[in-house]
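Only one structure is covered here, and it is reproduced in the block below.
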2 protein chains.
Amino acid sequence: MRRTLAFGAFLLFVQLTFGQSISSPSGRLSLTFFLSPQGIPYYTLRFKGKEVILPSRLGLELKDQPSFLENFTVIRTDTASADETWEPVWGEVRKIRNSYRELRLTLQQRLEQPRTLVLTFRLYDDGLGFRYEFPQQPHLTYFILSDERTEFALTANHTAFWIPGDFDTNEYVYNKTPLSDIDALSAGKSAGEIFTRNPIGKRAVQTPLLMKTTEGLFLVLFEAALVDYPAMCLTLSEREYTFTSTLAPDAVGNKAYLQTPTRTPWRVILVSDRAIEIASSKTILNLNEPCRLNDVSWIKPQKYVGIWWEMHVGRASWSYADTNSVRLTDTDWRQLKPNGRHGATTERTKQYIDFAARHGFDAVLIEGWNVGWEDWFGKWKEEVFDFVTPYPDFDLDAVQKYAAKKGIELIMHHETASAVTNYERRIDEAFRFMKRYGYKTVKTGYVGRIIPRGEWHDGQWMINHYLRVVEKAAQHRILVNSHESVRPTGLHRTYPNWIAAEAARGNEFNAWSRGNPPEHETILPFTRLLGGPMDYTPGIFQIKLDYYHPEKKEQVHTTLAKQLALYVTLYSPLQMAADLPENYERFLDAFQFIKDVAVDWEDSRYLEAEPGDYLTVARKAKGRNEEWFIGAITDENARLITVRLDFLQPERTYTATLYLDAPDAHWEKNPMAYRIEQYLVNYQTALKLSLAPGGGAAVSIRPATAIEEKRLRTY
Amino acid sequence: MRRTLAFGAFLLFVQLTFGQSISSPSGRLSLTFFLSPQGIPYYTLRFKGKEVILPSRLGLELKDQPSFLENFTVIRTDTASADETWEPVWGEVRKIRNSYRELRLTLQQRLEQPRTLVLTFRLYDDGLGFRYEFPQQPHLTYFILSDERTEFALTANHTAFWIPGDFDTNEYVYNKTPLSDIDALSAGKSAGEIFTRNPIGKRAVQTPLLMKTTEGLFLVLFEAALVDYPAMCLTLSEREYTFTSTLAPDAVGNKAYLQTPTRTPWRVILVSDRAIEIASSKTILNLNEPCRLNDVSWIKPQKYVGIWWEMHVGRASWSYADTNSVRLTDTDWRQLKPNGRHGATTERTKQYIDFAARHGFDAVLIEGWNVGWEDWFGKWKEEVFDFVTPYPDFDLDAVQKYAAKKGIELIMHHETASAVTNYERRIDEAFRFMKRYGYKTVKTGYVGRIIPRGEWHDGQWMINHYLRVVEKAAQHRILVNSHESVRPTGLHRTYPNWIAAEAARGNEFNAWSRGNPPEHETILPFTRLLGGPMDYTPGIFQIKLDYYHPEKKEQVHTTLAKQLALYVTLYSPLQMAADLPENYERFLDAFQFIKDVAVDWEDSRYLEAEPGDYLTVARKAKGRNEEWFIGAITDENARLITVRLDFLQPERTYTATLYLDAPDAHWEKNPMAYRIEQYLVNYQTALKLSLAPGGGAAVSIRPATAIEEKRLRTY
């Protein structure tokens with residue numbers, strides 16, 4: 001619909017005459033809802049008095065039933081407000097404030113058989129959440145959604161940080177372009193390093209979508225509490241800067257199968273003139289349901305190492321043999337000829353357990369322990385893994401005993417190869433198997449095309465699957481770290497055993513493709529991480545990969561110091577020290593930071609940031625005595641960052657250990673050059689951190705000991 | 001491809017010059033295989049020297065790989081023959097002879113990367129089976145079938161007994177027309193009584209397909225051992241009388257996902273000039289793999305009654321309440337208002353158990369015992385049943401105790417509503433639940449559209465599902481009676497716990513639709529039953545259904561005596577006395593036949609038959625002393641049937657109890673009129689049975705007692 005001046009003026013008139021408005025608690029944001037004369041619902045959003053979302057339509061198309069698009073009247077209006085504080089089981093902060101104003105409109109649609117639709121708007125100081133609710137009612141019970149028609153009408157040609165909309169993957173590199181230049185089809189097609197990809201269309205992008213206006217305002221379009229519904233991408237209209245919701249279909253083209261009473265996820269618009277407020281927003285979490293688990297004592301953040309990176313760099317293989325065809329039902333695994341490069345052997349696992357025990361890690365992940373890896377990839381094979389049969393060189397009992405003796409936990413690996421019907425058939429046995437052998441955390445994977453064939457990673461069926469796994473895991477007291485799953489939308493508030501997800505381009509892409517550009521990690525906290533923590537697997541010290549093979553040209557696009565900083569800038573309660581133990585042993589002084597850094601936080605301060613350029617974060621460890629950690633990262637440009645330590649307690653002296661890029665460090669030319677310095681600091685100190693191109697700095701701060709107070713220089 | 005005279009002559013020349021032939025053991029059938037000059041494989045079949053299958057192509061289309069269509073050479077030829085006898089666990093006969101000649105051709109395809117295809121032909125005196133085999137080989141491991149191109153080129157415009165080809169249902173009424181008049185689309189569309197139907201196309205028909213030539217020759221096109229492959233329909237070409245295989249696709253349009261070494265099911269052509277040889281053919285069974293279960297002692301044929309028909313005639317409901325929307329997760333079943341018509345109550349079940357015990361039945365089926373029936377139908381709902389939660393008025397423990405006390409087994413009902421992903425997630429728990437409560441047999445159902453959405457009842461994924469269920473059931477010592485599943489193809493030889501299936505239009509259609517015409521049961525033994533037994537659920541005595549409600553116009557299209565005869569003419573190791581106990585109690589004299597009839601046979605004689613018209617079968621009970629049962633049925637025409645009892649032992653006298661149509665009986669006007677007569681008979685007796693229109697006759701024969709020899713008249 002052409003947003004001519006005339007039409008815009010008309011809408012404004014209707015809005016002013018008939019609209020209903022609420023303001024956020026501080027008054028910074030205000031929302032107006034109104035119905036057009038045809039009974040079409042619209043909303044609009046203002047930030048400090050200026051429109052950021054022009055009048056945008058709301059509505060839904062139903063299949064074989066009248067749609068929810070027009071002919072509405074408001075039969076009831078409710079307002080509410082809340083201001084409470086709650087504590088997450090784990091998180092970036094101990095306490096979270098949930099303060100909002102709510103406007104709830106009950107709409108009735110004028111039909112022969114009238115129907116009711118409820119629109120709920122919840123307005124925070126940093127954003128708006130709204131959703132459609134379908135109450136129990138006589139003329140609407142079961143219905144099929146053929147489309148959702150939620151609009152987000154933007155005011156101008158903002159700069160967008162986008163990845164192609166794709167119902168199968170989020171693993172793209174970010175593009176930063178004006179909205180008018182979005183060509184997701186080109187970007188999607190050229191991403192050959194992503195095996196399972198299906199860019200939706202030229203103007204279709206993924207959420208969360210970050211934008212920056214010419215006035216320096218930041219906007220994010222996203223969703224919260226994605227339950228029993230497909231994930232939402234956005235399609236930009238050709239004529240103006242309006243996005244429309246684009247939902248993942250199922251195998252036969254329907255979007256969702258719904259039964260009243262039900263509701264959609266929250267559609268979320270974050271707004272701030274400060275990027276750091278976006279990154280530290282708690283609105284997505286606040287919109288989610290409270291924790292549903294009665295007992296959470298078994299849920300613990302953890303640091304882990306694992307048999308993983310060596311496969312990605314080609315030093316070891318997931319598979320045991322080199323045959324190209326196996327069968328779960330009748331391959332005699334002991335008869336296969338081992339390829340001699342199998343990663344997950346009993347011996348290698350014990351080495352990792354030793355390393356973990358020696359350096360204070362919680363757990364060891366073992367990938368490739370179970371049969372089926374010889375032909376798992378790219379065949380769309382259904383009976384691919386059974387999750388219970390180890391290879392001949394992996395002794396489950398011996399590993400379990402050894403880990404228990406050393407006090408180390410084990411992380412199970414359930415690569416499903418996206419054969420989800422196979423996984424669902426076997427999952428009960430697989431979870432019982434895990435508990436029997438002492439595995440408390442599972443890393444799941446969804447590499448490849450989904451079976452049920454025709455379904456998408458982001459469709460309603462798979463959304464329900466991910467939650468079925470998490471709920472069943474909770475019954476077994478299992479933590480879930482899901483890879484290649486849908487991007488999280490804050491559900492870890494409700495299910496805190498869903499401890500992390502991948503659902504974006506992680507560190508592994510550096511091992512075998514053009515990798516992640518230096519700016520990548522300066523974008524993630526403003527997009528992907530808004531919905532939940534990411535198992536990014538940082539901590540690679542051996543940055544150039546020709547170390548493993550002279551022909552191997554890839555590298556991690558980073559300096560070593562930046563890899564340390566990521567443990568602070570990329571929040572996750574589950575953090576991997578991803579490199580090989582042998583590499584850490586070469587740089588034990590730098591490794592000390594990873595050993596020291598916490599994974600659960602009392603407080604977090606996003607100190608300064610420009611998405612795509614740089615980010616500095618300081619966090620206070622939970623359950624320790626006044627320990628702080630700082631991470632600062634930059635893109636391909638060198639940068640001098642000033643960090644004021646005014647968050648420290650005024651009357652104390654601290655020891656700060658600085659892990660810095662060497663003066664001549666450079667992500668490409670000299671990535672592994674670093675220096676470590678130690679100083680006394682206090683709340684008045686302003687650290688000056690010099691970041692190399694593609695570099696970073698990591699600082700650990702704790703109360704100074706008496707000896708340190710004597711010996712160390714003050715910064 | 002136009003089968004011009006010239007082309008036909010050319011093929012004949014090639015065939016004669018280059019073809020390889022085998023004959024069946026008696027020489028009655030002969031098969032010739034040859035390759036055309038382009039290396040296209042052909043086969044042709046002769047019966048007593050005359051062609052019944054003209055040269056027909058063989059081949060397969062692969063996706064994204066070269067197809068298996070042409071450019072073949074024969075690199076190896078093997079022949080074999082077998083003549084063995086084996087015993088089924090249960091069946092129509094005690095011993096089955098397996099006598100065939102085999103021709104096995106290893107073809108190599110001339111490609112840059114050569115590939116191998118094996119064609120195996122097994123020739124019996126009553127039919128041909130052939131299949132494609134894909135050996136393990138360097139250039140073919142994983143492949144996707146986009147189509148199979150097997151032809152069956154018939155010689156003329158035969159009369160066909162057909163139902164529309166449909167990947168979701170076999171529940172059509174049969175049509176008897178010349179091939180040229182097949183309009184499956186019209187027939188399919190007008191079958192409004194079948195809820196989930198999707199006729200494939202105008203010329204597409206289901207297998208098994210029965211045909212009769214003008215010379216009185218019978219042909220059946222079918223398949224055997226349908227494993228890991230989609231089911232096969234047939235599409236008639238527009239120009240000549242050639243059928244081509246039409247496989248059920250998956251959700252994305254592919255036919256099958258295969259991994260070498262593997263093979264297709266057997267494509268089967270039965271040929272005989274006697275209809276009774278078709279009905280009694282053992283070729284389908286012989287082509288199947290031998291029994292795979294180590295212990296079969298727990299597998300027993302049975303007769304059962306059940307809470308079932310009263311729902312179909314509207315006297316009771318499956319559901320407990322009349323709400324239109326429930327949820328497994330949070331509906332409080334005890335809070336629902338009962339509709340007062342729930343069939344599966346503890347009380348009603350005990351009545352059935354009493355009845356079963358009193359009359360010597362083995363088991364009671366209970367449908368509607370478990371929550372979810374209020375909104376199960378037509379919503380494409382996934383979380384529809386949990387298979388473990390009873391309604392408030394069904395006491396699992398009480399029923400179990402009562403049945404055990406009375407020595408009656410219970411038959412579990414697992415209506416999946418085609419939400420197969422839901423069933424597969426819950427089946428382990430459901431089977432353990434069954435064993436805990438003493439249920440040894442399960443009747444499964446697949447009413448509605450399949451979930452995974454986009455899949456078909458007859459697609460490869462569902463074929464694999466049915467077998468997964470049967471295999472898992474075998475592990476739990478559970479017998480499976482599957483309804484709305486794929487039509488059987490003899491796999492009960494390999495898995496004798498797959499005791500019956502529906503997969504055709506059963507007796508229930510008479511309860512709420514235009515029903516089954518009188519000829520229906522005279523066709524089934526020549527089509528559907530060739531692949532395996534059918535749970536037809538005969539035995540309805542209260543034939544006119546206005547008995548239940550004056551407005552109810554439906555009736556079973558039968559006489560009462562014919563319902564008795566069906567226990568003999570429709571072979572099944574699982575037979576239901578389908579009517580209400582109250583109705584049997586009104587006609588206990590007639591009911592005696594159902595009580596007496598056996599369900600497992602020493603021997604079976606198909607005495608005379610004309611498909612679509614009449615059928616007479618005599619069977620000898622296994623494990624009893626010289627007991628025989630005879631069933632004779634007719635279509636809408638009255639008939640006088642002569643049955644010679646020359647299968648009896650010569651030196652003995654028997655008592656024959658004849659259950660006959662009354663002289664004035666008529667399926668429509670006077671269906672429940674019957675008479676019972678008793679005589680002495682011997683091997684020289686020729687019974688003359690007068691069948692009413694839509695009628696039948698049932699005879700039970702056993703050695704005469706001394707008193708009977710004195711008192712009864714000789715026939």
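Letters A, B, ... mark the chains of the structure tokens in the order given; residue numbers begin at 1 per chain; ligand numbers begin at 1, in order shown.
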
*asked:* Quick check: residues of chain A within 8 Å of chain B, only C-alpha atoms, returned as a ChimeraX atom specification.
replied: /A:141-142,250-252,257,259,324-325,379,381,421,424-425,452-454

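Those residues in segment 563-635 of chain A carrying a DSSP assignment of strand (DSSP E), computed from the backbone, are Leu574, Gln575, Met576, Trp601, Glu602, Asp603, Ser604, Arg605, Tyr606, Leu607, Glu608, Ala609, Glu610, Tyr614, Leu615, Thr616, Val617, Ala618, Arg619, Lys620, Ala621, Trp628, Phe629, Ile630, Gly631, Ala632, Ile633 and Thr634 of chain A.
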
*Nearby residues (only C-alpha atoms) at most 6 Å from segment 582-599 of chain B, same-chain spacing under 2 positions excluded, as number ranges by chain*: B: 573, 580, 621

*Write out as a list in words the residues lying within 9 Å of Leu60 of chain A, counting only C-alpha atoms and excluding same-chain residues fewer than 6 positions away.*
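That gives Ser67, Phe68, Leu69, Leu145, Ser146, Asp147, Glu148, Arg149 and Thr150 of chain A.
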
Write a file of the selected residues as a PDB file, in the first residue's frame, keeping all heavy atoms.
```
ATOM      1  N   SER A  67     -10.310 -14.419   7.459  1.00  0.00           N
ATOM      2  CA  SER A  67      -9.051 -13.957   8.017  1.00  0.00           C
ATOM      3  C   SER A  67      -9.279 -12.925   9.113  1.00  0.00           C
ATOM      4  O   SER A  67     -10.365 -12.351   9.243  1.00  0.00           O
ATOM      5  CB  SER A  67      -8.173 -13.370   6.912  1.00  0.00           C
ATOM      6  OG  SER A  67      -7.654 -14.404   6.120  1.00  0.00           O
ATOM      7  N   PHE A  68      -8.235 -12.686   9.886  1.00  0.00           N
ATOM      8  CA  PHE A  68      -8.250 -11.656  10.926  1.00  0.00           C
ATOM      9  C   PHE A  68      -7.555 -10.428  10.367  1.00  0.00           C
ATOM     10  O   PHE A  68      -6.420 -10.109  10.743  1.00  0.00           O
ATOM     11  CB  PHE A  68      -7.473 -12.158  12.160  1.00  0.00           C
ATOM     12  CG  PHE A  68      -8.269 -13.012  13.095  1.00  0.00           C
ATOM     13  CD1 PHE A  68      -7.837 -14.290  13.426  1.00  0.00           C
ATOM     14  CD2 PHE A  68      -9.440 -12.541  13.675  1.00  0.00           C
ATOM     15  CE1 PHE A  68      -8.563 -15.096  14.305  1.00  0.00           C
ATOM     16  CE2 PHE A  68     -10.170 -13.334  14.563  1.00  0.00           C
ATOM     17  CZ  PHE A  68      -9.732 -14.610  14.874  1.00  0.00           C
ATOM     18  N   LEU A  69      -8.201  -9.734   9.438  1.00  0.00           N
ATOM     19  CA  LEU A  69      -7.538  -8.597   8.802  1.00  0.00           C
ATOM     20  C   LEU A  69      -8.272  -7.281   8.988  1.00  0.00           C
ATOM     21  O   LEU A  69      -7.665  -6.225   9.075  1.00  0.00           O
ATOM     22  CB  LEU A  69      -7.358  -8.867   7.291  1.00  0.00           C
ATOM     23  CG  LEU A  69      -6.357  -9.963   6.939  1.00  0.00           C
ATOM     24  CD1 LEU A  69      -6.387 -10.246   5.437  1.00  0.00           C
ATOM     25  CD2 LEU A  69      -4.942  -9.570   7.356  1.00  0.00           C
ATOM     26  N   LEU A 145      -3.019 -21.199  10.144  1.00  0.00           N
ATOM     27  CA  LEU A 145      -2.529 -19.880   9.749  1.00  0.00           C
ATOM     28  C   LEU A 145      -1.883 -19.986   8.377  1.00  0.00           C
ATOM     29  O   LEU A 145      -0.959 -20.781   8.195  1.00  0.00           O
ATOM     30  CB  LEU A 145      -1.485 -19.428  10.763  1.00  0.00           C
ATOM     31  CG  LEU A 145      -1.256 -17.926  10.868  1.00  0.00           C
ATOM     32  CD1 LEU A 145      -2.454 -17.284  11.502  1.00  0.00           C
ATOM     33  CD2 LEU A 145      -0.016 -17.648  11.682  1.00  0.00           C
ATOM     34  N   SER A 146      -2.393 -19.246   7.411  1.00  0.00           N
ATOM     35  CA  SER A 146      -1.676 -19.215   6.140  1.00  0.00           C
ATOM     36  C   SER A 146      -0.673 -18.075   6.088  1.00  0.00           C
ATOM     37  O   SER A 146       0.278 -18.132   5.317  1.00  0.00           O
ATOM     38  CB  SER A 146      -2.629 -19.170   4.945  1.00  0.00           C
ATOM     39  OG  SER A 146      -3.755 -18.392   5.220  1.00  0.00           O
ATOM     40  N   ASP A 147      -0.857 -17.061   6.896  1.00  0.00           N
ATOM     41  CA  ASP A 147       0.169 -16.034   6.993  1.00  0.00           C
ATOM     42  C   ASP A 147      -0.110 -15.067   8.140  1.00  0.00           C
ATOM     43  O   ASP A 147      -1.254 -14.856   8.521  1.00  0.00           O
ATOM     44  CB  ASP A 147       0.288 -15.233   5.689  1.00  0.00           C
ATOM     45  CG  ASP A 147       1.740 -15.014   5.298  1.00  0.00           C
ATOM     46  OD1 ASP A 147       2.633 -15.209   6.160  1.00  0.00           O
ATOM     47  OD2 ASP A 147       1.996 -14.658   4.133  1.00  0.00           O
ATOM     48  N   GLU A 148       0.956 -14.479   8.637  1.00  0.00           N
ATOM     49  CA  GLU A 148       0.815 -13.375   9.582  1.00  0.00           C
ATOM     50  C   GLU A 148       1.168 -12.105   8.837  1.00  0.00           C
ATOM     51  O   GLU A 148       2.114 -12.079   8.042  1.00  0.00           O
ATOM     52  CB  GLU A 148       1.752 -13.558  10.782  1.00  0.00           C
ATOM     53  CG  GLU A 148       1.666 -12.429  11.798  1.00  0.00           C
ATOM     54  CD  GLU A 148       2.655 -12.593  12.948  1.00  0.00           C
ATOM     55  OE1 GLU A 148       3.003 -13.748  13.285  1.00  0.00           O
ATOM     56  OE2 GLU A 148       3.077 -11.567  13.505  1.00  0.00           O
ATOM     57  N   ARG A 149       0.381 -11.057   9.072  1.00  0.00           N
ATOM     58  CA  ARG A 149       0.615  -9.806   8.325  1.00  0.00           C
ATOM     59  C   ARG A 149       0.909  -8.662   9.286  1.00  0.00           C
ATOM     60  O   ARG A 149       0.191  -7.662   9.316  1.00  0.00           O
ATOM     61  CB  ARG A 149      -0.608  -9.518   7.453  1.00  0.00           C
ATOM     62  CG  ARG A 149      -0.884 -10.625   6.449  1.00  0.00           C
ATOM     63  CD  ARG A 149      -0.481 -10.201   5.065  1.00  0.00           C
ATOM     64  NE  ARG A 149      -1.357  -9.134   4.611  1.00  0.00           N
ATOM     65  CZ  ARG A 149      -2.432  -9.310   3.887  1.00  0.00           C
ATOM     66  NH1 ARG A 149      -2.779 -10.529   3.528  1.00  0.00           N
ATOM     67  NH2 ARG A 149      -3.163  -8.284   3.542  1.00  0.00           N
ATOM     68  N   THR A 150       1.979  -8.849  10.034  1.00  0.00           N
ATOM     69  CA  THR A 150       2.415  -7.804  10.949  1.00  0.00           C
ATOM     70  C   THR A 150       3.398  -6.904  10.217  1.00  0.00           C
ATOM     71  O   THR A 150       4.367  -7.386   9.634  1.00  0.00           O
ATOM     72  CB  THR A 150       3.095  -8.427  12.178  1.00  0.00           C
ATOM     73  OG1 THR A 150       2.152  -9.268  12.841  1.00  0.00           O
ATOM     74  CG2 THR A 150       3.586  -7.350  13.128  1.00  0.00           C
TER      75      THR A 150
END
```

_For the alpha helix (DSSP H) assignment from backbone DSSP, which residues of segment 578-701 of chain A qualify? Please present them as JSON, numbers by chain._
{"A": [581, 582, 583, 584, 585, 586, 588, 589, 590, 591, 592, 593, 594, 595, 596]}

*One decimal, Å: what's the distance from atom CA of Pro496 of chain B over to atom CA of Ile276 of chain B, could you say?*
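Result for atom CA of Pro496 of chain B versus atom CA of Ile276 of chain B: 24.8 Å, one decimal.
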
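When the distance limit is 12 Å and only C-alpha atoms are what count, the residues near Thr331 of chain A, minus those fewer than 2 positions from it on the same chain, are Ala321, Thr323, Ser325, Val326, Arg327, Leu328, Thr329, Trp333, Arg334, Gln335, Leu336, Val371, Gly372, Glu374, Thr389 and Tyr391 of chain A.
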
What's the 6 Å shell around segment 109-121 of chain A, counting only C-alpha atoms, without same-chain residues fewer than 4 positions away, as a PDB file with N, CA and C atoms, in the first residue's frame?
```
ATOM      1  N   ASN A  71     -12.513  -5.244   9.735  1.00  0.00           N
ATOM      2  CA  ASN A  71     -13.863  -5.345  10.312  1.00  0.00           C
ATOM      3  C   ASN A  71     -13.851  -5.547  11.815  1.00  0.00           C
ATOM      4  N   PHE A  72     -12.838  -4.978  12.466  1.00  0.00           N
ATOM      5  CA  PHE A  72     -12.772  -5.084  13.924  1.00  0.00           C
ATOM      6  C   PHE A  72     -13.389  -3.867  14.597  1.00  0.00           C
ATOM      7  N   GLU A 102       1.068  -1.786  30.155  1.00  0.00           N
ATOM      8  CA  GLU A 102       0.421  -2.712  29.227  1.00  0.00           C
ATOM      9  C   GLU A 102      -0.909  -2.163  28.746  1.00  0.00           C
ATOM     10  N   LEU A 103      -1.176  -2.341  27.472  1.00  0.00           N
ATOM     11  CA  LEU A 103      -2.456  -1.993  26.870  1.00  0.00           C
ATOM     12  C   LEU A 103      -2.986  -3.252  26.199  1.00  0.00           C
ATOM     13  N   ARG A 104      -4.201  -3.626  26.569  1.00  0.00           N
ATOM     14  CA  ARG A 104      -4.748  -4.887  26.061  1.00  0.00           C
ATOM     15  C   ARG A 104      -6.096  -4.598  25.434  1.00  0.00           C
ATOM     16  N   LEU A 105      -6.177  -4.851  24.146  1.00  0.00           N
ATOM     17  CA  LEU A 105      -7.414  -4.530  23.431  1.00  0.00           C
ATOM     18  C   LEU A 105      -8.108  -5.808  23.002  1.00  0.00           C
ATOM     19  N   GLY A 129       6.809  -4.790  23.227  1.00  0.00           N
ATOM     20  CA  GLY A 129       6.459  -6.153  22.837  1.00  0.00           C
ATOM     21  C   GLY A 129       4.967  -6.201  22.612  1.00  0.00           C
ATOM     22  N   PHE A 130       4.539  -6.894  21.557  1.00  0.00           N
ATOM     23  CA  PHE A 130       3.098  -7.069  21.356  1.00  0.00           C
ATOM     24  C   PHE A 130       2.851  -8.444  20.770  1.00  0.00           C
ATOM     25  N   ARG A 131       1.660  -8.939  21.032  1.00  0.00           N
ATOM     26  CA  ARG A 131       1.306 -10.253  20.500  1.00  0.00           C
ATOM     27  C   ARG A 131      -0.190 -10.348  20.248  1.00  0.00           C
ATOM     28  N   TYR A 132      -0.543 -11.353  19.439  1.00  0.00           N
ATOM     29  CA  TYR A 132      -1.932 -11.656  19.161  1.00  0.00           C
ATOM     30  C   TYR A 132      -2.349 -12.780  20.101  1.00  0.00           C
ATOM     31  N   GLU A 133      -3.518 -12.659  20.672  1.00  0.00           N
ATOM     32  CA  GLU A 133      -4.050 -13.727  21.513  1.00  0.00           C
ATOM     33  C   GLU A 133      -5.411 -14.148  20.983  1.00  0.00           C
ATOM     34  N   PHE A 134      -5.655 -15.447  21.012  1.00  0.00           N
ATOM     35  CA  PHE A 134      -6.895 -16.017  20.463  1.00  0.00           C
ATOM     36  C   PHE A 134      -7.625 -16.715  21.601  1.00  0.00           C
TER      37      PHE A 134
END
```

*For atom CA of Thr494 of chain A and atom CA of Ala225 of chain A, the interatomic separation in Å (one decimal)*: 9.1 Å

*May I have the residues within 6 Å of segment 654-670 of chain A as number ranges by chain, using only C-alpha atoms and disregarding those fewer than 3 positions away in the same chain?*
A: 557-559, 561, 673-682, 692-694, 697-704

*Check the smallest atom-to-atom distance from each of B:Gly438, B:Pro301, B:Pro581, B:Gly19 to Gln351 of chain B using only C-alpha atoms, then report the winner.*
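Going through B:Gly438, B:Pro301, B:Pro581, B:Gly19 one by one, the smallest distance to Gln351 of chain B is for B:Pro581.
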
*Please indicate the distance in Å from atom CA of Tyr536 of chain A to atom CA of Gly91 of chain A, rounded to one decimal place.*
16.3 Å

_Distance criterion (only C-alpha atoms): nearest to Glu519 of chain B out of B:Tyr174, B:Tyr229, B:Phe18, B:Phe394_ = B:Tyr174
